[in-house]
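One file, upload.cif, is given below (mmCIF, C-alpha atoms).
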data_input
#
loop_
_atom_site.label_atom_id
_atom_site.label_comp_id
_atom_site.auth_asym_id
_atom_site.auth_seq_id
_atom_site.Cartn_x
_atom_site.Cartn_y
_atom_site.Cartn_z
CA SER A 1 -23.40 34.00 -0.43
CA THR A 2 -21.27 34.92 2.58
CA CYS A 3 -18.80 32.29 3.77
CA ARG A 4 -19.20 31.01 7.31
CA TRP A 5 -17.48 28.11 9.03
CA HIS A 6 -19.49 24.88 9.22
CA LYS A 7 -20.86 24.07 12.70
CA SER A 8 -18.49 21.09 13.00
CA ALA A 9 -15.62 23.60 13.45
CA ASN A 10 -16.84 23.95 17.05
CA MET A 11 -15.58 20.39 17.67
CA VAL A 12 -11.94 21.49 17.30
CA GLY A 13 -12.03 25.19 18.11
CA VAL A 14 -14.11 28.28 18.65
CA VAL A 15 -16.10 30.11 15.97
CA SER A 16 -16.88 33.81 16.44
CA GLU A 17 -20.49 34.94 16.80
CA ASP A 18 -20.55 36.27 13.22
CA GLY A 19 -19.26 32.89 11.94
CA HIS A 20 -16.17 34.32 10.24
CA VAL A 21 -13.28 33.79 12.67
CA PHE A 22 -12.13 30.31 13.70
CA THR A 23 -9.67 29.83 16.58
CA LYS A 24 -8.13 26.40 16.84
CA VAL A 25 -7.80 25.09 20.38
CA ALA A 26 -4.59 23.28 21.29
CA SER A 27 -4.90 19.63 20.39
CA GLY A 28 -3.65 17.16 22.92
CA GLU A 29 -1.82 14.19 21.49
CA ARG A 30 1.07 14.67 19.07
CA LYS A 31 2.53 12.00 16.84
CA VAL A 32 6.16 11.87 15.69
CA CYS A 33 7.02 10.27 12.35
CA LEU A 34 9.95 10.38 9.94
CA GLY A 35 9.67 12.79 7.04
CA SER A 36 10.78 12.11 3.47
CA ARG A 37 14.34 13.22 4.33
CA GLY A 38 14.55 10.99 7.41
CA ARG A 39 14.06 13.81 9.92
CA PRO A 40 11.49 13.48 12.72
CA ILE A 41 8.32 15.55 12.20
CA GLU A 42 5.93 16.27 15.05
CA LEU A 43 2.32 16.11 13.90
CA THR A 44 -0.77 17.32 15.71
CA SER A 45 -4.10 15.63 15.19
CA LEU A 46 -5.75 16.52 11.88
CA CYS A 47 -8.15 19.44 12.14
CA MET A 48 -10.35 20.25 9.16
CA VAL A 49 -12.75 23.16 9.11
CA PHE A 50 -14.81 24.15 6.11
CA ASP A 51 -17.45 26.48 4.71
CA GLU A 52 -21.05 25.68 5.67
CA SER A 53 -22.30 26.01 2.07
CA LEU A 54 -21.99 23.77 -0.96
CA ARG A 55 -20.86 25.69 -4.04
CA ARG A 56 -22.02 24.55 -7.50
CA GLY A 57 -20.73 26.37 -10.55
CA GLY A 58 -19.76 30.01 -10.82
CA LEU A 59 -16.92 32.13 -9.50
CA HIS A 60 -16.05 32.11 -5.79
CA HIS A 61 -13.51 33.97 -3.67
CA TYR A 62 -12.18 32.91 -0.28
CA GLN A 63 -9.83 34.86 2.00
CA TYR A 64 -8.02 33.07 4.80
CA ARG A 65 -5.93 35.03 7.31
CA ILE A 66 -3.63 33.45 9.88
CA LEU A 67 -4.09 35.74 12.83
CA ASP A 68 -1.70 34.19 15.35
CA GLY A 69 0.10 31.05 16.45
CA GLU A 70 2.36 28.55 14.77
CA LEU A 71 1.52 26.44 11.76
CA GLY A 72 2.42 22.77 11.66
CA ALA A 73 3.59 20.60 8.79
CA ALA A 74 0.02 19.46 8.01
CA ASP A 75 -1.52 22.95 8.03
CA GLY A 76 -2.73 24.67 4.88
CA ALA A 77 -5.88 25.78 3.07
CA GLY A 78 -7.71 24.84 -0.10
CA PHE A 79 -10.91 23.70 -1.75
CA VAL A 80 -12.64 20.31 -1.51
CA PHE A 81 -14.68 19.00 -4.44
CA ASP A 82 -17.68 17.03 -3.19
CA SER A 83 -21.39 16.54 -3.78
CA LYS A 84 -22.39 17.61 -0.25
CA VAL A 85 -20.99 19.42 2.79
CA ARG A 86 -19.76 16.76 5.22
CA ARG A 87 -16.95 15.64 7.45
CA ASN A 88 -15.06 12.98 5.55
CA ASN A 89 -11.96 10.84 5.82
CA ILE A 90 -9.14 12.76 4.12
CA GLN A 91 -8.31 9.61 2.10
CA ARG A 92 -11.73 9.92 0.40
CA MET A 93 -11.42 13.57 -0.59
CA ARG A 94 -10.66 15.32 -3.83
CA SER A 95 -9.11 18.69 -3.17
CA VAL A 96 -6.61 21.31 -4.19
CA PHE A 97 -4.63 23.03 -1.46
CA LEU A 98 -1.63 25.11 -0.52
CA ASN A 99 0.33 23.49 2.28
CA GLN A 100 2.16 25.34 5.05
CA ARG A 101 5.46 25.09 3.14
CA GLY A 102 3.95 26.89 0.13
CA CYS A 103 3.54 23.86 -2.19
CA VAL A 104 0.42 23.72 -4.37
CA CYS A 105 -0.98 20.17 -4.20
CA ILE A 106 -3.88 18.10 -5.49
CA ARG A 107 -5.42 15.24 -3.51
CA ASP A 108 -7.32 12.58 -5.47
CA HIS A 109 -8.51 10.31 -2.68
CA GLU A 110 -5.38 8.68 -1.21
CA ARG A 111 -3.00 10.13 -3.82
CA VAL A 112 -1.40 13.54 -3.29
CA LYS A 113 0.51 15.22 -6.11
CA LYS A 114 2.65 18.34 -5.75
CA LEU A 115 2.15 20.51 -8.81
CA GLY A 116 5.65 22.00 -8.75
CA MET A 117 4.38 25.50 -7.96
CA ARG A 118 5.99 27.13 -4.92
CA LEU A 119 4.65 30.10 -3.01
CA PRO A 120 6.07 31.59 0.20
CA PRO A 121 5.56 29.43 3.31
CA LEU A 122 2.50 30.38 5.36
CA GLY A 123 2.91 31.95 8.79
CA ALA A 124 1.21 34.11 11.38
CA GLY A 125 0.04 37.47 10.00
CA MET A 126 -0.12 36.24 6.40
CA SER A 127 -3.24 35.71 4.33
CA LEU A 128 -4.20 33.48 1.45
CA GLY A 129 -6.72 34.28 -1.26
CA LEU A 130 -8.36 31.59 -3.37
CA ASN A 131 -10.33 32.37 -6.50
CA ILE A 132 -12.09 29.40 -8.07
CA ASP A 133 -14.10 29.12 -11.27
CA LEU A 134 -16.13 25.94 -10.78
CA ASP A 135 -17.49 25.99 -14.34
CA ASN A 136 -14.00 25.81 -15.86
CA LEU A 137 -12.17 24.18 -12.89
CA TYR A 138 -9.67 27.04 -12.81
CA LEU A 139 -8.02 28.18 -9.56
CA GLN A 140 -5.79 30.97 -8.37
CA PHE A 141 -3.96 31.10 -5.03
CA MET A 142 -2.54 34.46 -3.85
CA VAL A 143 -0.33 34.81 -0.76
CA TYR A 144 -0.05 38.15 1.07
CA ASP A 145 2.40 39.21 3.77
CA ALA A 146 1.43 40.80 7.11
CA ASP A 147 1.18 44.21 5.38
CA ASP A 148 -1.30 42.78 2.80
CA GLN A 149 1.31 43.04 0.05
CA PRO A 150 1.19 40.23 -2.56
CA VAL A 151 4.21 37.93 -2.24
CA GLY A 152 3.22 35.06 -4.52
CA ALA A 153 0.55 33.69 -6.84
CA ALA A 154 -0.22 30.48 -8.71
CA GLU A 155 -2.88 29.91 -11.38
CA PHE A 156 -3.84 26.56 -12.88
CA SER A 157 -6.63 24.28 -14.09
CA VAL A 158 -7.53 21.08 -12.24
CA GLY A 159 -9.70 19.69 -15.04
CA GLY A 160 -7.41 16.79 -16.00
CA PHE A 161 -6.05 15.83 -12.58
CA PHE A 162 -8.74 13.58 -11.14
CA THR A 163 -8.91 9.90 -12.15
CA ALA A 164 -12.70 9.97 -12.55
CA GLY A 165 -15.09 12.88 -13.07
CA LEU A 166 -15.93 15.18 -10.21
CA ALA A 167 -19.23 14.71 -8.39
#

Is it possible to express this structure as C-alpha coordinates?
Amino acid sequence: STCRWHKSANMVGVVSEDGHVFTKVASGERKVCLGSRGRPIELTSLCMVFDESLRRGGLHHYQYRILDGELGAADGAGFVFDSKVRRNNIQRMRSVFLNQRGCVCIRDHERVKKLGMRLPPLGAGMSLGLNIDLDNLYLQFMVYDADDQPVGAAEFSVGGFFTAGLA
(Lines of atoms letter the chains of each structure in order from A and count residues from 1; the text may use other names and numbers.)
(Lines give C-alpha, C1' and ligand atoms only; values in the text may rest on other atoms or scores of the structure.)
Protein backbone atom coordinates (compact mmCIF):
# COMPACT_ATOMS: atom_id res chain seq x y z
CA SER A 1 0.00 0.00 0.00
CA THR A 2 0.99 3.64 -0.41
CA CYS A 3 3.06 5.16 2.39
CA ARG A 4 1.59 8.12 4.23
CA TRP A 5 2.79 9.85 7.37
CA HIS A 6 0.99 8.87 10.58
CA LYS A 7 -1.41 11.53 11.93
CA SER A 8 0.88 12.13 14.94
CA ALA A 9 3.33 13.88 12.56
CA ASN A 10 1.00 16.89 12.78
CA MET A 11 2.14 17.33 16.40
CA VAL A 12 5.66 18.34 15.28
CA GLY A 13 5.13 19.64 11.76
CA VAL A 14 2.84 19.95 8.78
CA VAL A 15 1.75 17.07 6.53
CA SER A 16 0.70 17.83 2.95
CA GLU A 17 -2.89 17.15 1.87
CA ASP A 18 -1.84 14.01 -0.02
CA GLY A 19 -0.05 12.72 3.11
CA HIS A 20 3.35 12.36 1.45
CA VAL A 21 5.32 15.50 2.39
CA PHE A 22 6.23 16.30 6.00
CA THR A 23 7.64 19.71 6.95
CA LYS A 24 9.17 19.93 10.39
CA VAL A 25 8.40 23.14 12.25
CA ALA A 26 11.22 24.75 14.21
CA SER A 27 11.39 23.24 17.66
CA GLY A 28 11.86 25.63 20.52
CA GLU A 29 14.19 24.44 23.24
CA ARG A 30 17.68 23.21 22.39
CA LYS A 31 19.92 21.20 24.67
CA VAL A 32 23.72 21.29 24.65
CA CYS A 33 25.69 18.21 25.69
CA LEU A 34 29.24 16.95 25.21
CA GLY A 35 29.80 14.52 22.36
CA SER A 36 32.04 11.46 22.47
CA ARG A 37 35.07 13.60 21.53
CA GLY A 38 34.38 16.19 24.24
CA ARG A 39 32.97 18.80 21.85
CA PRO A 40 29.65 20.52 22.61
CA ILE A 41 26.73 19.32 20.46
CA GLU A 42 23.51 21.31 20.19
CA LEU A 43 20.48 19.02 20.14
CA THR A 44 16.91 19.88 19.22
CA SER A 45 14.02 18.04 20.78
CA LEU A 46 13.50 14.56 19.36
CA CYS A 47 11.01 14.47 16.50
CA MET A 48 9.86 11.09 15.20
CA VAL A 49 7.47 10.70 12.31
CA PHE A 50 6.44 7.39 10.83
CA ASP A 51 4.30 5.58 8.29
CA GLU A 52 0.62 5.17 9.21
CA SER A 53 0.59 1.45 8.30
CA LEU A 54 1.98 -1.62 10.02
CA ARG A 55 3.96 -3.81 7.63
CA ARG A 56 4.04 -7.59 8.19
CA GLY A 57 6.16 -9.74 5.91
CA GLY A 58 7.00 -9.11 2.28
CA LEU A 59 9.15 -6.61 0.42
CA HIS A 60 8.77 -2.88 1.05
CA HIS A 61 10.40 0.22 -0.42
CA TYR A 62 10.60 3.65 1.17
CA GLN A 63 11.99 6.84 -0.37
CA TYR A 64 12.87 9.78 1.86
CA ARG A 65 13.94 13.10 0.35
CA ILE A 66 15.36 16.00 2.34
CA LEU A 67 13.85 18.96 0.55
CA ASP A 68 15.37 21.84 2.50
CA GLY A 69 16.86 22.98 5.80
CA GLU A 70 19.65 21.77 8.00
CA LEU A 71 19.93 18.36 9.60
CA GLY A 72 20.99 18.00 13.20
CA ALA A 73 23.13 15.37 14.90
CA ALA A 74 20.07 13.29 15.87
CA ASP A 75 18.44 13.35 12.42
CA GLY A 76 18.24 10.28 10.21
CA ALA A 77 15.80 7.73 8.80
CA GLY A 78 15.13 4.04 9.20
CA PHE A 79 12.70 1.27 10.04
CA VAL A 80 11.15 0.40 13.41
CA PHE A 81 10.23 -3.20 14.22
CA ASP A 82 7.09 -3.32 16.35
CA SER A 83 3.79 -5.16 16.70
CA LYS A 84 1.65 -2.03 16.21
CA VAL A 85 1.90 1.54 14.93
CA ARG A 86 2.41 3.79 17.95
CA ARG A 87 4.39 6.62 19.43
CA ASN A 88 6.92 5.06 21.76
CA ASN A 89 9.86 6.00 23.94
CA ILE A 90 12.98 5.64 21.79
CA GLN A 91 14.56 3.53 24.58
CA ARG A 92 11.87 0.87 23.98
CA MET A 93 12.32 0.62 20.21
CA ARG A 94 14.01 -1.88 17.97
CA SER A 95 15.10 -0.23 14.76
CA VAL A 96 17.67 0.04 12.03
CA PHE A 97 18.57 3.50 10.79
CA LEU A 98 21.00 5.68 8.91
CA ASN A 99 22.02 8.68 10.98
CA GLN A 100 22.77 12.15 9.61
CA ARG A 101 26.52 11.41 9.57
CA GLY A 102 25.99 8.38 7.29
CA CYS A 103 26.49 5.62 9.90
CA VAL A 104 24.26 2.55 9.67
CA CYS A 105 23.04 1.69 13.19
CA ILE A 106 20.82 -0.78 15.01
CA ARG A 107 18.86 0.12 18.14
CA ASP A 108 17.82 -2.74 20.43
CA HIS A 109 15.90 -0.88 23.12
CA GLU A 110 18.45 1.26 24.99
CA ARG A 111 21.48 -0.16 23.15
CA VAL A 112 22.66 1.38 19.88
CA LYS A 113 25.30 -0.36 17.78
CA LYS A 114 27.06 1.16 14.78
CA LEU A 115 27.48 -1.53 12.13
CA GLY A 116 30.70 -0.09 10.70
CA MET A 117 29.08 0.77 7.37
CA ARG A 118 29.54 4.38 6.25
CA LEU A 119 27.52 6.19 3.63
CA PRO A 120 27.75 9.87 2.68
CA PRO A 121 26.36 12.27 5.32
CA LEU A 122 22.76 13.32 4.68
CA GLY A 123 21.96 16.90 3.69
CA ALA A 124 19.41 19.09 1.96
CA GLY A 125 18.60 17.94 -1.58
CA MET A 126 19.67 14.34 -0.95
CA SER A 127 17.42 11.31 -0.78
CA LEU A 128 17.55 7.96 0.94
CA GLY A 129 16.01 4.74 -0.30
CA LEU A 130 15.28 1.82 2.00
CA ASN A 131 14.39 -1.63 0.72
CA ILE A 132 13.38 -4.13 3.39
CA ASP A 133 12.53 -7.81 3.13
CA LEU A 134 10.60 -8.52 6.33
CA ASP A 135 10.47 -12.26 5.71
CA ASN A 136 14.27 -12.57 5.66
CA LEU A 137 15.11 -9.44 7.76
CA TYR A 138 17.31 -8.12 4.96
CA LEU A 139 17.76 -4.37 4.38
CA GLN A 140 19.35 -2.10 1.83
CA PHE A 141 19.99 1.63 2.25
CA MET A 142 20.79 3.72 -0.87
CA VAL A 143 21.87 7.37 -0.70
CA TYR A 144 21.38 9.69 -3.69
CA ASP A 145 22.76 13.18 -4.29
CA ALA A 146 20.69 16.22 -5.33
CA ASP A 147 20.86 15.04 -8.98
CA ASP A 148 19.43 11.61 -8.00
CA GLN A 149 22.77 9.94 -8.67
CA PRO A 150 23.63 7.04 -6.33
CA VAL A 151 26.49 7.97 -3.99
CA GLY A 152 26.42 5.08 -1.53
CA ALA A 153 24.71 1.83 -0.57
CA ALA A 154 24.75 -0.66 2.30
CA GLU A 155 23.13 -4.12 2.41
CA PHE A 156 22.87 -6.34 5.47
CA SER A 157 20.73 -8.74 7.50
CA VAL A 158 19.43 -7.80 10.95
CA GLY A 159 18.35 -11.35 11.86
CA GLY A 160 20.96 -11.93 14.58
CA PHE A 161 21.17 -8.45 16.09
CA PHE A 162 18.28 -8.33 18.52
CA THR A 163 18.60 -9.90 21.99
CA ALA A 164 15.15 -11.51 21.83
CA GLY A 165 12.93 -12.32 18.86
CA LEU A 166 11.10 -9.57 17.05
CA ALA A 167 7.42 -9.04 17.78

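The residues caught by the PyMOL selection byres ((chain A and resi 136) around 10) in this file are A:Gly57, A:Gly58, A:Leu59, A:Ile132, A:Asp133, A:Leu134, A:Asp135, A:Leu137, A:Tyr138, A:Leu139, A:Ser157, A:Val158, A:Gly159.
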
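One finds CA of Phe161 in chain A at 9.9 Å from CA of Arg94 in chain A.
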
Take the point (-11.2, 31.9, -1.8) in the file's coordinates, draw a sphere of radius 6 Å around it, and report as a list in words every protein, DNA or RNA residue with an atom inside or on it, counting only C-alpha atoms. His61, Tyr62, Gln63, Gly129, Leu130 and Asn131 of chain A

Selected by the PyMOL selection byres ((chain A and resi 102-118) around 9) in the shown coordinates: which residues, as a PyMOL selection string? chain A and resi 76+90-101+119-122+141+152-154+158+161-163

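Note that CA of Gly69 in chain A and CA of Gly38 in chain A are 26.3 Å apart.
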
Could you tell me how far CA of Ser16 in chain A sits from CA of Pro150 in chain A, in Å to one decimal place?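 Interatomic distance here is 27.0 Å.
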